[in-house]
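Structure file protein_31.txt (compact mmCIF, C-alpha atoms and all ligand atoms) follows.
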```txt
# COMPACT_ATOMS: atom_id res chain seq x y z
CA MET A 1 132.25 62.43 184.01
CA THR A 2 130.07 63.81 181.24
CA VAL A 3 126.49 62.57 181.25
CA ASP A 4 125.03 61.62 177.89
CA LEU A 5 121.73 63.49 177.49
CA SER A 6 121.27 62.80 173.79
CA ALA A 7 118.47 60.29 174.49
CA ARG A 8 116.17 59.44 177.45
CA ASP A 9 117.98 57.17 179.90
CA VAL A 10 115.07 54.93 180.88
CA ASP A 11 117.42 52.43 182.55
CA VAL A 12 118.34 54.80 185.37
CA ALA A 13 115.90 54.36 188.27
CA GLU A 14 115.00 56.99 190.85
CA LEU A 15 115.65 56.13 194.49
CA MET A 16 112.12 57.18 195.48
CA ASP A 17 110.62 54.65 193.05
CA ASP A 18 112.20 51.81 195.04
CA PRO A 19 109.46 50.37 197.30
CA ASP A 20 112.19 49.52 199.85
CA CYS A 21 113.84 52.95 199.96
CA ASP A 22 114.52 54.65 203.32
CA PRO A 23 111.09 55.92 204.52
CA VAL A 24 112.58 58.85 206.49
CA LEU A 25 114.55 60.12 203.47
CA LEU A 26 111.49 59.61 201.27
CA ALA A 27 109.17 61.59 203.55
CA ALA A 28 111.74 64.41 203.77
CA THR A 29 112.03 64.39 199.97
CA LEU A 30 108.26 64.57 199.51
CA ARG A 31 107.98 67.46 202.00
CA ARG A 32 110.78 69.40 200.32
CA PHE A 33 109.19 69.03 196.86
CA ASP A 34 107.28 72.17 197.86
CA THR A 35 110.48 74.26 197.65
CA ILE A 36 111.77 72.53 194.53
CA ASN A 37 108.45 72.83 192.72
CA ARG A 38 108.22 76.55 193.54
CA MET A 39 111.69 77.07 192.09
CA TRP A 40 111.50 74.78 189.05
CA SER A 41 108.03 73.72 188.06
CA GLY A 42 106.71 76.92 186.45
CA TRP A 43 103.17 76.26 187.75
CA ALA A 44 102.56 79.84 188.88
CA ARG A 45 102.83 80.86 185.22
CA LEU A 46 100.86 77.86 183.98
CA TYR A 47 98.11 78.60 186.48
CA GLU A 48 97.88 82.24 185.34
CA ALA A 49 98.10 81.46 181.62
CA ARG A 50 96.07 78.25 181.27
CA LEU A 51 94.33 76.89 184.36
CA ALA A 52 92.83 80.02 185.94
CA PRO A 53 91.36 81.40 182.67
CA PHE A 54 89.85 77.99 181.91
CA LEU A 55 88.32 77.63 185.40
CA ALA A 56 86.99 81.21 185.28
CA SER A 57 85.41 80.54 181.86
CA LEU A 58 83.24 77.77 183.37
CA GLU A 59 81.33 80.34 185.47
CA ARG A 60 80.40 77.59 187.97
CA PRO A 61 82.12 75.52 190.67
CA ALA A 62 84.82 73.26 189.26
CA ARG A 63 86.62 70.02 190.15
CA VAL A 64 90.33 69.64 189.41
CA LEU A 65 92.44 66.48 189.66
CA ASP A 66 96.20 66.41 190.24
CA LEU A 67 97.40 62.98 189.05
CA GLY A 68 100.50 61.67 190.82
CA SER A 69 100.14 64.32 193.51
CA GLY A 70 103.17 63.10 195.50
CA GLY A 71 103.53 65.18 198.67
CA GLY A 72 100.47 67.27 197.73
CA ASP A 73 102.24 70.63 197.65
CA LEU A 74 101.18 71.57 194.12
CA VAL A 75 97.49 70.95 194.63
CA ALA A 76 97.67 72.89 197.93
CA ARG A 77 99.40 75.82 196.21
CA LEU A 78 96.97 75.87 193.29
CA ALA A 79 94.08 75.77 195.76
CA ARG A 80 95.45 78.87 197.51
CA LEU A 81 95.86 80.70 194.19
CA ALA A 82 92.32 79.80 193.10
CA ALA A 83 90.87 80.91 196.44
CA ARG A 84 92.76 84.21 196.13
CA ASP A 85 91.17 84.66 192.68
CA GLY A 86 87.66 83.91 193.95
CA LEU A 87 87.40 80.64 191.99
CA ASP A 88 85.16 77.99 193.55
CA VAL A 89 87.18 74.78 193.09
CA ARG A 90 87.28 71.35 194.73
CA TRP A 91 90.65 69.66 194.41
CA VAL A 92 91.57 65.99 194.35
CA GLY A 93 95.15 64.73 194.51
CA ALA A 94 95.54 61.09 193.47
CA ASP A 95 98.56 58.87 193.83
CA PRO A 96 98.83 55.09 194.05
CA ASP A 97 101.79 55.33 196.46
CA GLU A 98 100.55 55.18 200.07
CA ARG A 99 103.89 56.59 201.28
CA ALA A 100 103.23 59.77 199.29
CA LEU A 101 99.61 59.88 200.44
CA HIS A 102 100.77 59.80 204.06
CA VAL A 103 102.66 63.08 203.54
CA ALA A 104 100.07 64.62 201.21
CA ARG A 105 97.22 64.15 203.69
CA GLU A 106 98.94 66.69 205.97
CA ARG A 107 97.75 69.17 203.31
CA ALA A 108 94.14 67.98 203.08
CA SER A 109 91.41 70.54 203.79
CA SER A 110 87.71 71.10 203.26
CA ARG A 111 88.53 71.79 199.60
CA ILE A 112 91.37 69.31 199.06
CA GLU A 113 91.14 65.53 199.32
CA PHE A 114 93.69 62.86 198.49
CA ARG A 115 92.97 59.42 197.07
CA ALA A 116 95.18 56.34 196.87
CA MET A 117 94.40 55.60 193.22
CA ASP A 118 96.21 55.75 189.91
CA ALA A 119 94.93 57.30 186.69
CA SER A 120 93.51 54.07 185.28
CA ALA A 121 91.67 53.17 188.49
CA LEU A 122 90.05 56.63 188.61
CA ARG A 123 89.08 56.36 184.97
CA TRP A 124 87.48 52.95 185.33
CA ALA A 125 85.71 54.12 188.50
CA GLY A 126 83.95 56.62 186.22
CA GLU A 127 85.37 59.76 187.85
CA ARG A 128 85.08 63.06 185.93
CA PHE A 129 86.80 66.41 186.45
CA ASP A 130 86.82 69.76 184.69
CA ALA A 131 90.60 69.83 184.53
CA VAL A 132 93.22 67.12 185.03
CA LEU A 133 96.86 68.00 185.54
CA SER A 134 100.16 66.48 186.57
CA ASN A 135 103.64 67.61 187.50
CA HIS A 136 106.82 65.55 187.22
CA VAL A 137 105.00 62.30 186.48
CA LEU A 138 105.66 61.75 182.76
CA HIS A 139 109.40 61.10 183.08
CA HIS A 140 108.74 58.28 185.60
CA LEU A 141 106.85 56.34 182.92
CA SER A 142 107.91 54.23 179.96
CA ALA A 143 106.82 55.42 176.49
CA ALA A 144 104.00 52.85 176.51
CA ASP A 145 102.85 53.81 180.01
CA VAL A 146 103.02 57.55 179.30
CA ALA A 147 100.60 57.14 176.39
CA VAL A 148 98.16 55.21 178.61
CA PHE A 149 98.56 57.78 181.41
CA ALA A 150 97.82 60.65 178.99
CA ALA A 151 94.81 58.84 177.52
CA ASP A 152 93.46 58.15 181.02
CA SER A 153 93.93 61.79 182.00
CA LEU A 154 91.99 62.97 178.98
CA ALA A 155 89.22 60.43 179.60
CA LEU A 156 88.95 61.77 183.16
CA SER A 157 88.51 65.35 181.95
CA ASP A 158 85.45 67.15 180.58
CA GLY A 159 87.65 70.16 179.82
CA ILE A 160 91.43 70.29 179.73
CA ALA A 161 94.33 68.00 180.55
CA LEU A 162 97.64 69.68 181.31
CA HIS A 163 100.90 67.88 182.09
CA SER A 164 104.12 69.67 183.00
CA ASP A 165 107.54 68.10 183.41
CA ILE A 166 111.23 68.87 183.34
CA ARG A 167 112.84 69.01 179.88
CA ARG A 168 116.07 67.12 179.31
CA SER A 169 118.91 69.57 178.63
CA ARG A 170 122.48 70.19 179.62
CA PRO A 171 121.76 73.65 181.18
CA ALA A 172 118.95 72.14 183.28
CA TYR A 173 121.26 69.37 184.46
CA ALA A 174 124.13 71.74 185.31
CA LEU A 175 121.95 74.34 187.03
CA TYR A 176 119.99 71.77 189.04
CA ALA A 177 123.22 70.11 190.20
CA ILE A 178 124.31 73.44 191.71
CA GLY A 179 120.92 74.90 192.70
CA VAL A 180 119.70 71.87 194.66
CA THR A 181 122.76 71.83 196.97
CA PRO A 182 121.26 73.76 199.93
CA PHE A 183 118.03 71.73 199.83
CA ALA A 184 119.44 68.25 199.23
CA PRO A 185 120.80 67.08 202.63
CA GLY A 186 118.64 64.39 204.22
CA THR A 187 116.67 63.79 201.00
CA PHE A 188 116.85 62.05 197.61
CA LEU A 189 116.54 65.42 195.85
CA ARG A 190 120.00 65.58 194.34
CA THR A 191 120.26 62.01 193.02
CA ASP A 192 116.64 61.74 191.91
CA GLY A 193 116.48 65.22 190.39
CA LEU A 194 119.49 64.54 188.20
CA ARG A 195 118.16 61.10 187.30
CA SER A 196 114.80 62.72 186.48
CA ILE A 197 116.48 65.00 183.98
CA ARG A 198 118.22 62.02 182.38
CA ARG A 199 114.85 60.25 182.08
CA SER A 200 112.89 63.31 180.92
CA TYR A 201 111.41 64.07 177.52
CA ARG A 202 112.11 66.75 174.98
CA ALA A 203 109.06 68.31 173.32
CA GLY A 204 109.50 66.48 169.99
CA GLU A 205 109.88 63.10 171.70
CA LEU A 206 106.80 63.63 173.83
CA ALA A 207 104.72 64.92 170.90
CA GLU A 208 105.64 61.82 168.91
CA THR A 209 104.79 59.51 171.83
CA LEU A 210 101.44 61.13 172.64
CA GLY A 211 100.23 61.96 169.11
CA ARG A 212 96.90 63.71 168.55
CA PRO A 213 95.08 65.53 170.13
CA TRP A 214 98.03 66.56 172.31
CA THR A 215 100.04 69.72 171.74
CA VAL A 216 103.47 69.71 173.33
CA ARG A 217 105.59 72.82 173.82
CA ASP A 218 108.68 74.04 175.57
CA ALA A 219 108.09 76.35 178.52
CA ALA A 220 110.45 78.21 180.81
CA PRO A 221 112.40 77.29 182.85
CA PHE A 222 113.49 74.00 181.25
CA ARG A 223 109.97 72.67 181.05
CA VAL A 224 107.90 70.68 178.61
CA VAL A 225 104.09 71.04 178.72
CA ALA A 226 101.57 68.70 177.08
CA GLU A 227 98.00 69.91 176.74
CA ALA A 228 94.79 68.59 175.23
CA ARG A 229 91.10 69.39 175.32
CA ALA A 230 88.55 66.68 175.94
CA ASP A 231 86.17 68.26 173.43
CA ALA A 232 88.80 68.63 170.65
C1 LIG B 1 108.10 62.50 191.33
S1 LIG B 1 106.55 62.14 191.84
C2 LIG B 1 105.84 63.76 191.51
C3 LIG B 1 105.01 64.19 192.65
C4 LIG B 1 104.37 65.55 192.52
N1 LIG B 1 103.46 65.61 191.40
C5 LIG B 1 105.40 66.65 192.46
O1 LIG B 1 105.46 67.34 191.44
O2 LIG B 1 106.13 66.83 193.42
C6 LIG B 1 105.67 61.13 190.66
C7 LIG B 1 104.42 60.54 191.30
O3 LIG B 1 103.60 59.97 190.27
C8 LIG B 1 102.93 58.87 190.81
N2 LIG B 1 102.41 58.04 189.70
C9 LIG B 1 103.11 57.22 188.89
N3 LIG B 1 102.28 56.64 188.00
C10 LIG B 1 101.03 57.12 188.23
C11 LIG B 1 99.74 56.90 187.64
N4 LIG B 1 99.59 56.06 186.59
N5 LIG B 1 98.68 57.57 188.14
C12 LIG B 1 98.82 58.42 189.19
N6 LIG B 1 100.03 58.67 189.78
C13 LIG B 1 101.11 58.03 189.32
C14 LIG B 1 103.98 58.20 191.68
O4 LIG B 1 103.42 57.35 192.67
C15 LIG B 1 104.72 59.40 192.27
O5 LIG B 1 104.23 59.76 193.55
```

Would you write the structure of this file as structure tokens?
Amino acid sequence: MTVDLSARDVDVAELMDDPDCDPVLLAATLRRFDTINRMWSGWARLYEARLAPFLASLERPARVLDLGSGGGDLVARLARLAARDGLDVRWVGADPDERALHVARERASSRIEFRAMDASALRWAGERFDAVLSNHVLHHLSAADVAVFAADSLALSDGIALHSDIRRSRPAYALYAIGVTPFAPGTFLRTDGLRSIRRSYRAGELAETLGRPWTVRDAAPFRVVAEARADA
């Protein structure tokens, strides 16, 4: 069966977003995001090109927030890269889903803490960070919610906000369907990854939804990146 990718399929729900989904499969999925994110998310490049130069330019200790931190692998990986580069950074991963927090807290350290809060709750609590980022969150949200999420992320930042997600495309769908096979058993990775791609944005769609001051661009491999500066 050919999947129609001409428009976002917001009616298809991911298994992990079901509050009653199998907790064992969910925990295994969250733990294996580490592998999938290394292969697909492009954050090593984004760190080198955008985040690290920005943090270095501050010339002081920095605070960075990962919104929708899931299993916490990305914030842990970025923390290792920053430490390697001699950057003094405190990291916060925030996610309203306690099931994700349970896995993420295995990755907590003296420099990394996790909070059970969503973007709006952090904003209205008056939290501030030098950089706010997210990975694979935008496609979970409706067009109305994605605009609120982006606005909250920018309000939480004194510097940059940087959101990366999968881009909807036929090559991404076909390659993921094959590439995920060895990692999928015992997890939701295959079903949810393919559903994610069906739900995901193309750059033009996201740019139209977010409006100014956001710039949205395609990035490799099969990524869309939205970026804004708090002082723009
Ligand atoms: C697919 S997971 C991505 C997890 C992780 N960032 C990764 O790349 O593996 C999306 C996460 O976003 C979280 N989320 C959804 N809406 C959010 C919001 N408004 N603020 C913070 N997190 C949110 C969900 O609870 C979920 O854990």

Residue contacts of Arg60 in chain A (10 Å, all atoms listed in the file) excluding same-chain residues fewer than 2 positions away, as JSON, numbers by chain: {"A": [55, 56, 57, 58, 62, 87, 88, 89]}

Ligand LIG 1 (chain B) neighbours within 9 Å using all atoms listed in the file, as a VMD selection string: chain A and resid 14 16 to 17 30 to 34 36 to 37 41 66 to 75 93 to 101 116 to 122 134 to 141 145 to 146 148 to 149 152 to 153 164 to 165 192 to 193 196

Go ahead and write the selection's residues with C-alpha atoms as a PDB file, keeping the file's coordinate frame.
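again31.pdb, freshly written:
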```pdb
ATOM      1  CA  GLU A  14     115.000  56.990 190.850  1.00  0.00           C
ATOM      2  CA  MET A  16     112.120  57.180 195.480  1.00  0.00           C
ATOM      3  CA  ASP A  17     110.620  54.650 193.050  1.00  0.00           C
ATOM      4  CA  LEU A  30     108.260  64.570 199.510  1.00  0.00           C
ATOM      5  CA  ARG A  31     107.980  67.460 202.000  1.00  0.00           C
ATOM      6  CA  ARG A  32     110.780  69.400 200.320  1.00  0.00           C
ATOM      7  CA  PHE A  33     109.190  69.030 196.860  1.00  0.00           C
ATOM      8  CA  ASP A  34     107.280  72.170 197.860  1.00  0.00           C
ATOM      9  CA  ILE A  36     111.770  72.530 194.530  1.00  0.00           C
ATOM     10  CA  ASN A  37     108.450  72.830 192.720  1.00  0.00           C
ATOM     11  CA  SER A  41     108.030  73.720 188.060  1.00  0.00           C
ATOM     12  CA  ASP A  66      96.200  66.410 190.240  1.00  0.00           C
ATOM     13  CA  LEU A  67      97.400  62.980 189.050  1.00  0.00           C
ATOM     14  CA  GLY A  68     100.500  61.670 190.820  1.00  0.00           C
ATOM     15  CA  SER A  69     100.140  64.320 193.510  1.00  0.00           C
ATOM     16  CA  GLY A  70     103.170  63.100 195.500  1.00  0.00           C
ATOM     17  CA  GLY A  71     103.530  65.180 198.670  1.00  0.00           C
ATOM     18  CA  GLY A  72     100.470  67.270 197.730  1.00  0.00           C
ATOM     19  CA  ASP A  73     102.240  70.630 197.650  1.00  0.00           C
ATOM     20  CA  LEU A  74     101.180  71.570 194.120  1.00  0.00           C
ATOM     21  CA  VAL A  75      97.490  70.950 194.630  1.00  0.00           C
ATOM     22  CA  GLY A  93      95.150  64.730 194.510  1.00  0.00           C
ATOM     23  CA  ALA A  94      95.540  61.090 193.470  1.00  0.00           C
ATOM     24  CA  ASP A  95      98.560  58.870 193.830  1.00  0.00           C
ATOM     25  CA  PRO A  96      98.830  55.090 194.050  1.00  0.00           C
ATOM     26  CA  ASP A  97     101.790  55.330 196.460  1.00  0.00           C
ATOM     27  CA  GLU A  98     100.550  55.180 200.070  1.00  0.00           C
ATOM     28  CA  ARG A  99     103.890  56.590 201.280  1.00  0.00           C
ATOM     29  CA  ALA A 100     103.230  59.770 199.290  1.00  0.00           C
ATOM     30  CA  LEU A 101      99.610  59.880 200.440  1.00  0.00           C
ATOM     31  CA  ALA A 116      95.180  56.340 196.870  1.00  0.00           C
ATOM     32  CA  MET A 117      94.400  55.600 193.220  1.00  0.00           C
ATOM     33  CA  ASP A 118      96.210  55.750 189.910  1.00  0.00           C
ATOM     34  CA  ALA A 119      94.930  57.300 186.690  1.00  0.00           C
ATOM     35  CA  SER A 120      93.510  54.070 185.280  1.00  0.00           C
ATOM     36  CA  ALA A 121      91.670  53.170 188.490  1.00  0.00           C
ATOM     37  CA  LEU A 122      90.050  56.630 188.610  1.00  0.00           C
ATOM     38  CA  SER A 134     100.160  66.480 186.570  1.00  0.00           C
ATOM     39  CA  ASN A 135     103.640  67.610 187.500  1.00  0.00           C
ATOM     40  CA  HIS A 136     106.820  65.550 187.220  1.00  0.00           C
ATOM     41  CA  VAL A 137     105.000  62.300 186.480  1.00  0.00           C
ATOM     42  CA  LEU A 138     105.660  61.750 182.760  1.00  0.00           C
ATOM     43  CA  HIS A 139     109.400  61.100 183.080  1.00  0.00           C
ATOM     44  CA  HIS A 140     108.740  58.280 185.600  1.00  0.00           C
ATOM     45  CA  LEU A 141     106.850  56.340 182.920  1.00  0.00           C
ATOM     46  CA  ASP A 145     102.850  53.810 180.010  1.00  0.00           C
ATOM     47  CA  VAL A 146     103.020  57.550 179.300  1.00  0.00           C
ATOM     48  CA  VAL A 148      98.160  55.210 178.610  1.00  0.00           C
ATOM     49  CA  PHE A 149      98.560  57.780 181.410  1.00  0.00           C
ATOM     50  CA  ASP A 152      93.460  58.150 181.020  1.00  0.00           C
ATOM     51  CA  SER A 153      93.930  61.790 182.000  1.00  0.00           C
ATOM     52  CA  SER A 164     104.120  69.670 183.000  1.00  0.00           C
ATOM     53  CA  ASP A 165     107.540  68.100 183.410  1.00  0.00           C
ATOM     54  CA  ASP A 192     116.640  61.740 191.910  1.00  0.00           C
ATOM     55  CA  GLY A 193     116.480  65.220 190.390  1.00  0.00           C
ATOM     56  CA  SER A 196     114.800  62.720 186.480  1.00  0.00           C
TER      57      SER A 196
END
```

Test item: residues at most 9 Å from range 200-203 of chain A, all atoms listed in the file, excluding those fewer than 5 positions along its chain, as a list in words: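 Everything that qualifies: Ala7, Arg8, Asp9, Val10, Leu138, His139, His140, Asp165, Ile166, Arg167, Arg168, Ser169, Arg195, Glu208, Val216, Arg217, Asp218, Arg223, Val224, Val225 and Ala226 of chain A.
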
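Coordinates place CA of Leu175 in chain A at a distance of 13.8 Å from CA of Thr191 in chain A.
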
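Here CA of Glu48 in chain A is placed at a distance of 25.8 Å from CA of Arg105 in chain A.
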
Counting all atoms listed in the file, the residue of A:Asp85, A:Ala232, A:Arg90, A:Phe222 that sits nearest Tyr176 in chain A: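 Among A:Asp85, A:Ala232, A:Arg90, A:Phe222, it is A:Phe222 that comes nearest to Tyr176 in chain A.
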
Option closest in space to Ala219 in chain A, from A:Ile112, A:Leu154, A:Leu46, A:Leu5 [counting only C-alpha atoms]: A:Leu46

Exercise on range 65-83 of chain A, axis-aligned box with 4 Å per side, report centre and edge lengths in Å to one decimal, as lines of an AutoDock Vina configuration file:
```
center_x = 97.2
center_y = 71.3
center_z = 193.9
size_x = 20.7
size_y = 27.2
size_z = 17.6
```

Pick from A:Pro182, A:Pro213, A:Pro61, A:Pro171, whichever lies nearest to Leu194 in chain A using all atoms listed in the file: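 Under the stated criterion, the closest residue is A:Pro171.
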
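The smallest atom-to-atom distance between Ile160 in chain A and any of A:Val103, A:Leu133, A:Ala184, A:Ala79, using all atoms listed in the file, is found for A:Leu133.
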
Around the point (99.8, 79.7, 185.1) (coordinates from the file), which residues reach within 12 Å if we count all atoms listed in the file? Answer as a short mmCIF file (atom, residue, chain, number, x, y, z; two decimals) with C-alpha atoms, in the frame of the given file.
```cif
data_model
loop_
_atom_site.label_atom_id
_atom_site.label_comp_id
_atom_site.auth_asym_id
_atom_site.auth_seq_id
_atom_site.Cartn_x
_atom_site.Cartn_y
_atom_site.Cartn_z
CA SER A 41 108.03 73.72 188.06
CA GLY A 42 106.71 76.92 186.45
CA TRP A 43 103.17 76.26 187.75
CA ALA A 44 102.56 79.84 188.88
CA ARG A 45 102.83 80.86 185.22
CA LEU A 46 100.86 77.86 183.98
CA TYR A 47 98.11 78.60 186.48
CA GLU A 48 97.88 82.24 185.34
CA ALA A 49 98.10 81.46 181.62
CA ARG A 50 96.07 78.25 181.27
CA LEU A 51 94.33 76.89 184.36
CA ALA A 52 92.83 80.02 185.94
CA PRO A 53 91.36 81.40 182.67
CA PHE A 54 89.85 77.99 181.91
CA LEU A 55 88.32 77.63 185.40
CA ARG A 77 99.40 75.82 196.21
CA LEU A 78 96.97 75.87 193.29
CA LEU A 81 95.86 80.70 194.19
CA ALA A 82 92.32 79.80 193.10
CA LEU A 162 97.64 69.68 181.31
CA SER A 164 104.12 69.67 183.00
CA ALA A 219 108.09 76.35 178.52
CA ALA A 220 110.45 78.21 180.81
CA VAL A 225 104.09 71.04 178.72
#
```

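From CA of His102 in chain A back to CA of Ala143 in chain A, the distance works out to 28.6 Å.
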
Residue contacts of Leu189 in chain A (8 Å, only C-alpha atoms) excluding same-chain residues fewer than 6 positions away, as a list of chain:residue names: A:Thr29, A:Val180, A:Phe183
